[in-house]
Amino acid sequence: MVRRTKEEAQVTRSQILEAAEQAFYERGVARTTLADIATIAGVTRGAIYWHFSNKADLVQAMLDSLQEPLEQLAQASESEDEEDPLGCMKKLLIHLFHQIALDPKTRRINEILFHKCEFTDEMCDFRRQRQASALECNDRIGVALNNAVRKGQLPENLDIVRASITLHAYIDGMIGQWLLIPDSYSLSQHAEQWVEAGLDMLRLSPALRN
């Protein structure tokens, strides 16, 4: 009975997340209420509060569901024992571009994040989460780049902090622009070239040297 109850709770949580994704994508986060989500999911508002503290918690849960498939590659590029950290990072980024362009769910959630999520007062917690996530991402990129420098894959005098911020901004910019104007270029067909362009900045730009 306990197992069944837990399984039912997980089903309800998934229904709420799917309903939130649908509502946020169609109306934007600011214009969507928890009552809207409850109606689409076929549950009460109390059921939503049982699983999620607020709207910001819902959006964060959607984002968390996308990160797991890439975690192994991210950890590999950060490992000091990895022989090809830059190659791991390249595979990670190419996979990311393919996933956003070709997987409908990943695309919808990223479009919500980039273009349909306003940082209104009720989303202050989420804004703080995004700030912390961005800083953590910069740090993780920096670890991978340091490993690549030690392996001789990047210049010894690379400014790691500046390079991490630059690469992060480039990837975010590529994704955000494609989601806004997807017919202007192919994110998936030329994924390897787009990634190589970003890595070439690290390899070749004098502005990224100490």
# chains A, B, ... in the order shown; residues from 1 in each chain; ligands from 1

call {"tool": "closest_atom_pairs", "arguments": {"of": "segment 102-198 of chain A", "to": "segment 40-64 of chain A", "cutoff": "10 Å", "atoms": "only C-alpha atoms", "output": "Markdown table"}}
result
| residue | atom | partner | partner_atom | distance |
| --- | --- | --- | --- | --- |
| A:Lys105 | CA | A:Met62 | CA | 10.0 |
| A:Thr106 | CA | A:Leu63 | CA | 9.0 |
| A:Ile109 | CA | A:Met62 | CA | 7.1 |
| A:Asn110 | CA | A:Leu63 | CA | 8.1 |
| A:Ile112 | CA | A:Val59 | CA | 8.9 |
| A:Leu113 | CA | A:Val59 | CA | 8.3 |
| A:Cys117 | CA | A:Val59 | CA | 8.9 |
| A:Phe119 | CA | A:Ala56 | CA | 9.8 |
| A:Glu122 | CA | A:Ala56 | CA | 7.5 |
| A:Met123 | CA | A:Ala56 | CA | 5.6 |
| A:Cys124 | CA | A:Ala56 | CA | 8.0 |
| A:Asp125 | CA | A:Ala56 | CA | 6.5 |
| A:Phe126 | CA | A:Ala56 | CA | 5.1 |
| A:Arg127 | CA | A:Ala56 | CA | 8.6 |
| A:Gln129 | CA | A:Gln60 | CA | 8.2 |
| A:Arg130 | CA | A:Gln60 | CA | 8.9 |

call {"tool": "select_by_dssp", "arguments": {"residues": "chain A", "states": "alpha helix (DSSP H)", "output": "MDAnalysis selection string"}}
result
chainID A and resid 2:27 34:41 45:51 55:67 71:78 85:102 104:115 124:150 160:180 191:204

call {"tool": "closest_residue", "arguments": {"among": "A:His168, A:Arg162, A:His190, A:Lys151", "to": "Ala207 of chain A", "atoms": "only C-alpha atoms"}}
result
A:Arg162

call {"tool": "closest_residue", "arguments": {"among": "A:Phe24, A:Ile175, A:Leu93, A:Ala163", "to": "Glu71 of chain A", "atoms": "only C-alpha atoms"}}
result
A:Leu93

call {"tool": "atom_distance", "arguments": {"atom1": "atom CA of Leu154 of chain A", "atom2": "atom CA of Ser79 of chain A"}}
result
16.1 Å

call {"tool": "residues_around", "arguments": {"residues": "segment 80-84 of chain A", "least_positions_apart": "6", "cutoff": "12 Å", "atoms": "only C-alpha atoms", "output": "PDB file with all heavy atoms, in the first residue's frame"}}
result
ATOM      1  N   LEU A  73      28.980  13.201 -19.113  1.00  0.00           N
ATOM      2  CA  LEU A  73      29.981  13.874 -19.941  1.00  0.00           C
ATOM      3  C   LEU A  73      30.566  15.081 -19.213  1.00  0.00           C
ATOM      4  O   LEU A  73      31.768  15.349 -19.304  1.00  0.00           O
ATOM      5  CB  LEU A  73      29.356  14.328 -21.263  1.00  0.00           C
ATOM      6  CG  LEU A  73      29.341  13.312 -22.404  1.00  0.00           C
ATOM      7  CD1 LEU A  73      28.585  13.872 -23.596  1.00  0.00           C
ATOM      8  CD2 LEU A  73      30.750  12.923 -22.804  1.00  0.00           C
ATOM      9  N   ALA A  74      29.726  15.816 -18.505  1.00  0.00           N
ATOM     10  CA  ALA A  74      30.209  16.985 -17.768  1.00  0.00           C
ATOM     11  C   ALA A  74      31.221  16.570 -16.721  1.00  0.00           C
ATOM     12  O   ALA A  74      32.280  17.193 -16.573  1.00  0.00           O
ATOM     13  CB  ALA A  74      29.040  17.721 -17.116  1.00  0.00           C
ATOM     14  N   LYS A  90      33.479  19.037 -26.031  1.00  0.00           N
ATOM     15  CA  LYS A  90      32.944  19.163 -27.388  1.00  0.00           C
ATOM     16  C   LYS A  90      31.751  18.230 -27.582  1.00  0.00           C
ATOM     17  O   LYS A  90      30.713  18.636 -28.106  1.00  0.00           O
ATOM     18  CB  LYS A  90      34.035  18.855 -28.410  1.00  0.00           C
ATOM     19  CG  LYS A  90      33.570  18.940 -29.855  1.00  0.00           C
ATOM     20  CD  LYS A  90      34.711  18.643 -30.820  1.00  0.00           C
ATOM     21  CE  LYS A  90      34.228  18.614 -32.255  1.00  0.00           C
ATOM     22  NZ  LYS A  90      35.326  18.345 -33.217  1.00  0.00           N
ATOM     23  N   LYS A  91      31.876  16.964 -27.161  1.00  0.00           N
ATOM     24  CA  LYS A  91      30.774  16.009 -27.271  1.00  0.00           C
ATOM     25  C   LYS A  91      29.556  16.490 -26.486  1.00  0.00           C
ATOM     26  O   LYS A  91      28.411  16.371 -26.944  1.00  0.00           O
ATOM     27  CB  LYS A  91      31.212  14.641 -26.757  1.00  0.00           C
ATOM     28  CG  LYS A  91      32.199  13.919 -27.655  1.00  0.00           C
ATOM     29  CD  LYS A  91      32.584  12.581 -27.037  1.00  0.00           C
ATOM     30  CE  LYS A  91      33.635  11.866 -27.874  1.00  0.00           C
ATOM     31  NZ  LYS A  91      34.057  10.580 -27.252  1.00  0.00           N
ATOM     32  N   VAL A 143      36.894  24.444 -14.501  1.00  0.00           N
ATOM     33  CA  VAL A 143      37.595  23.211 -14.122  1.00  0.00           C
ATOM     34  C   VAL A 143      37.964  22.414 -15.371  1.00  0.00           C
ATOM     35  O   VAL A 143      39.091  21.919 -15.510  1.00  0.00           O
ATOM     36  CB  VAL A 143      36.721  22.364 -13.180  1.00  0.00           C
ATOM     37  CG1 VAL A 143      37.349  20.987 -12.958  1.00  0.00           C
ATOM     38  CG2 VAL A 143      36.530  23.063 -11.838  1.00  0.00           C
ATOM     39  N   ALA A 144      37.002  22.279 -16.291  1.00  0.00           N
ATOM     40  CA  ALA A 144      37.255  21.536 -17.521  1.00  0.00           C
ATOM     41  C   ALA A 144      38.339  22.207 -18.365  1.00  0.00           C
ATOM     42  O   ALA A 144      39.208  21.535 -18.932  1.00  0.00           O
ATOM     43  CB  ALA A 144      35.968  21.406 -18.325  1.00  0.00           C
ATOM     44  N   LEU A 145      38.297  23.536 -18.439  1.00  0.00           N
ATOM     45  CA  LEU A 145      39.303  24.250 -19.230  1.00  0.00           C
ATOM     46  C   LEU A 145      40.679  24.122 -18.595  1.00  0.00           C
ATOM     47  O   LEU A 145      41.694  23.991 -19.303  1.00  0.00           O
ATOM     48  CB  LEU A 145      38.911  25.729 -19.373  1.00  0.00           C
ATOM     49  CG  LEU A 145      37.622  26.013 -20.149  1.00  0.00           C
ATOM     50  CD1 LEU A 145      37.425  27.509 -20.317  1.00  0.00           C
ATOM     51  CD2 LEU A 145      37.625  25.313 -21.501  1.00  0.00           C
ATOM     52  N   ASN A 146      40.748  24.168 -17.284  1.00  0.00           N
ATOM     53  CA  ASN A 146      42.025  23.951 -16.595  1.00  0.00           C
ATOM     54  C   ASN A 146      42.597  22.580 -16.932  1.00  0.00           C
ATOM     55  O   ASN A 146      43.807  22.436 -17.160  1.00  0.00           O
ATOM     56  CB  ASN A 146      41.830  24.070 -15.074  1.00  0.00           C
ATOM     57  CG  ASN A 146      42.264  25.424 -14.539  1.00  0.00           C
ATOM     58  OD1 ASN A 146      43.302  25.952 -14.935  1.00  0.00           O
ATOM     59  ND2 ASN A 146      41.470  25.986 -13.636  1.00  0.00           N
ATOM     60  N   ASN A 147      41.733  21.565 -16.946  1.00  0.00           N
ATOM     61  CA  ASN A 147      42.183  20.225 -17.307  1.00  0.00           C
ATOM     62  C   ASN A 147      42.706  20.193 -18.743  1.00  0.00           C
ATOM     63  O   ASN A 147      43.712  19.528 -19.036  1.00  0.00           O
ATOM     64  CB  ASN A 147      41.052  19.214 -17.135  1.00  0.00           C
ATOM     65  CG  ASN A 147      40.727  18.945 -15.684  1.00  0.00           C
ATOM     66  OD1 ASN A 147      41.568  19.146 -14.809  1.00  0.00           O
ATOM     67  ND2 ASN A 147      39.513  18.494 -15.411  1.00  0.00           N
ATOM     68  N   ALA A 148      42.006  20.908 -19.630  1.00  0.00           N
ATOM     69  CA  ALA A 148      42.434  20.949 -21.030  1.00  0.00           C
ATOM     70  C   ALA A 148      43.780  21.654 -21.172  1.00  0.00           C
ATOM     71  O   ALA A 148      44.615  21.264 -21.995  1.00  0.00           O
ATOM     72  CB  ALA A 148      41.367  21.644 -21.877  1.00  0.00           C
ATOM     73  N   VAL A 149      44.008  22.691 -20.371  1.00  0.00           N
ATOM     74  CA  VAL A 149      45.300  23.381 -20.392  1.00  0.00           C
ATOM     75  C   VAL A 149      46.405  22.427 -19.925  1.00  0.00           C
ATOM     76  O   VAL A 149      47.484  22.350 -20.533  1.00  0.00           O
ATOM     77  CB  VAL A 149      45.262  24.648 -19.509  1.00  0.00           C
ATOM     78  CG1 VAL A 149      46.667  25.216 -19.321  1.00  0.00           C
ATOM     79  CG2 VAL A 149      44.342  25.698 -20.132  1.00  0.00           C
ATOM     80  N   ARG A 150      46.150  21.697 -18.858  1.00  0.00           N
ATOM     81  CA  ARG A 150      47.151  20.756 -18.337  1.00  0.00           C
ATOM     82  C   ARG A 150      47.480  19.645 -19.334  1.00  0.00           C
ATOM     83  O   ARG A 150      48.606  19.143 -19.356  1.00  0.00           O
ATOM     84  CB  ARG A 150      46.670  20.142 -17.018  1.00  0.00           C
ATOM     85  CG  ARG A 150      46.805  21.074 -15.824  1.00  0.00           C
ATOM     86  CD  ARG A 150      46.687  20.292 -14.520  1.00  0.00           C
ATOM     87  NE  ARG A 150      45.352  19.742 -14.350  1.00  0.00           N
ATOM     88  CZ  ARG A 150      44.361  20.372 -13.734  1.00  0.00           C
ATOM     89  NH1 ARG A 150      44.563  21.581 -13.234  1.00  0.00           N
ATOM     90  NH2 ARG A 150      43.175  19.811 -13.611  1.00  0.00           N
ATOM     91  N   LYS A 151      46.500  19.298 -20.167  1.00  0.00           N
ATOM     92  CA  LYS A 151      46.726  18.253 -21.172  1.00  0.00           C
ATOM     93  C   LYS A 151      47.308  18.820 -22.467  1.00  0.00           C
ATOM     94  O   LYS A 151      47.499  18.080 -23.441  1.00  0.00           O
ATOM     95  CB  LYS A 151      45.404  17.535 -21.486  1.00  0.00           C
ATOM     96  CG  LYS A 151      44.810  16.762 -20.307  1.00  0.00           C
ATOM     97  CD  LYS A 151      45.695  15.591 -19.902  1.00  0.00           C
ATOM     98  CE  LYS A 151      45.064  14.797 -18.766  1.00  0.00           C
ATOM     99  NZ  LYS A 151      45.911  13.655 -18.352  1.00  0.00           N
ATOM    100  N   GLY A 152      47.564  20.119 -22.499  1.00  0.00           N
ATOM    101  CA  GLY A 152      48.135  20.730 -23.686  1.00  0.00           C
ATOM    102  C   GLY A 152      47.134  20.964 -24.809  1.00  0.00           C
ATOM    103  O   GLY A 152      47.523  21.210 -25.945  1.00  0.00           O
ATOM    104  N   GLN A 153      45.846  20.933 -24.484  1.00  0.00           N
ATOM    105  CA  GLN A 153      44.814  21.127 -25.503  1.00  0.00           C
ATOM    106  C   GLN A 153      44.450  22.594 -25.694  1.00  0.00           C
ATOM    107  O   GLN A 153      43.821  22.944 -26.698  1.00  0.00           O
ATOM    108  CB  GLN A 153      43.563  20.325 -25.124  1.00  0.00           C
ATOM    109  CG  GLN A 153      43.784  18.823 -25.110  1.00  0.00           C
ATOM    110  CD  GLN A 153      42.535  18.056 -24.722  1.00  0.00           C
ATOM    111  OE1 GLN A 153      41.842  18.410 -23.759  1.00  0.00           O
ATOM    112  NE2 GLN A 153      42.236  17.007 -25.475  1.00  0.00           N
ATOM    113  N   LEU A 154      44.809  23.415 -24.735  1.00  0.00           N
ATOM    114  CA  LEU A 154      44.556  24.858 -24.805  1.00  0.00           C
ATOM    115  C   LEU A 154      45.823  25.586 -24.374  1.00  0.00           C
ATOM    116  O   LEU A 154      46.670  25.009 -23.678  1.00  0.00           O
ATOM    117  CB  LEU A 154      43.379  25.238 -23.895  1.00  0.00           C
ATOM    118  CG  LEU A 154      41.986  24.778 -24.344  1.00  0.00           C
ATOM    119  CD1 LEU A 154      40.954  25.083 -23.267  1.00  0.00           C
ATOM    120  CD2 LEU A 154      41.585  25.413 -25.661  1.00  0.00           C
TER     121      LEU A 154
END

call {"tool": "residues_around", "arguments": {"residues": "Leu96 of chain A", "least_positions_apart": "2", "cutoff": "10 Å", "atoms": "only C-alpha atoms", "output": "ChimeraX atom specification"}}
result
/A:67,69-70,90-94,98-102,106,171,175,187-188,191

call {"tool": "closest_residue", "arguments": {"among": "A:Ile141, A:Ser186, A:Leu180, A:Phe97", "to": "Ser164 of chain A", "atoms": "only C-alpha atoms"}}
result
A:Ile141

call {"tool": "atom_distance", "arguments": {"atom1": "atom CA of Ala19 of chain A", "atom2": "atom CA of Arg108 of chain A"}}
result
12.6 Å

call {"tool": "closest_residue", "arguments": {"among": "A:Leu135, A:Ile165, A:Leu202, A:Leu179", "to": "His115 of chain A", "atoms": "only C-alpha atoms"}}
result
A:Leu179

call {"tool": "residues_around", "arguments": {"residues": "Arg31 of chain A", "least_positions_apart": "4", "cutoff": "10 Å", "atoms": "only C-alpha atoms", "output": "list in words"}}
result
Ala23, Phe24, Glu26, Arg27, Asp36, Lys116, Cys117 and Glu118 of chain A

call {"tool": "write_last_selection", "arguments": {"atoms": "N, CA and C atoms", "output": "PDB file, in the first residue's frame"}}
result
ATOM      1  N   ALA A  23       1.269  24.877 -20.023  1.00  0.00           N
ATOM      2  CA  ALA A  23       0.737  26.212 -19.731  1.00  0.00           C
ATOM      3  C   ALA A  23       1.802  27.287 -19.894  1.00  0.00           C
ATOM      4  N   PHE A  24       2.995  27.041 -19.372  1.00  0.00           N
ATOM      5  CA  PHE A  24       4.073  28.028 -19.489  1.00  0.00           C
ATOM      6  C   PHE A  24       4.426  28.277 -20.949  1.00  0.00           C
ATOM      7  N   GLU A  26       2.481  27.916 -23.603  1.00  0.00           N
ATOM      8  CA  GLU A  26       1.401  28.582 -24.328  1.00  0.00           C
ATOM      9  C   GLU A  26       1.172  30.014 -23.867  1.00  0.00           C
ATOM     10  N   ARG A  27       1.328  30.267 -22.554  1.00  0.00           N
ATOM     11  CA  ARG A  27       0.925  31.565 -21.999  1.00  0.00           C
ATOM     12  C   ARG A  27       2.079  32.372 -21.426  1.00  0.00           C
ATOM     13  N   ASP A  36      -4.505  27.530 -13.172  1.00  0.00           N
ATOM     14  CA  ASP A  36      -4.462  27.092 -14.573  1.00  0.00           C
ATOM     15  C   ASP A  36      -3.811  25.717 -14.684  1.00  0.00           C
ATOM     16  N   LYS A 116      10.118  32.936 -22.279  1.00  0.00           N
ATOM     17  CA  LYS A 116       8.767  33.003 -21.729  1.00  0.00           C
ATOM     18  C   LYS A 116       8.762  33.004 -20.205  1.00  0.00           C
ATOM     19  N   CYS A 117       9.901  33.351 -19.617  1.00  0.00           N
ATOM     20  CA  CYS A 117      10.015  33.349 -18.157  1.00  0.00           C
ATOM     21  C   CYS A 117      10.447  34.729 -17.684  1.00  0.00           C
ATOM     22  N   GLU A 118       9.487  35.520 -17.207  1.00  0.00           N
ATOM     23  CA  GLU A 118       9.765  36.867 -16.748  1.00  0.00           C
ATOM     24  C   GLU A 118      10.130  36.842 -15.264  1.00  0.00           C
TER      25      GLU A 118
END

call {"tool": "closest_residue", "arguments": {"among": "A:Leu208, A:Ile181, A:Leu34, A:Cys137", "to": "Asn157 of chain A", "atoms": "only C-alpha atoms"}}
result
A:Leu208
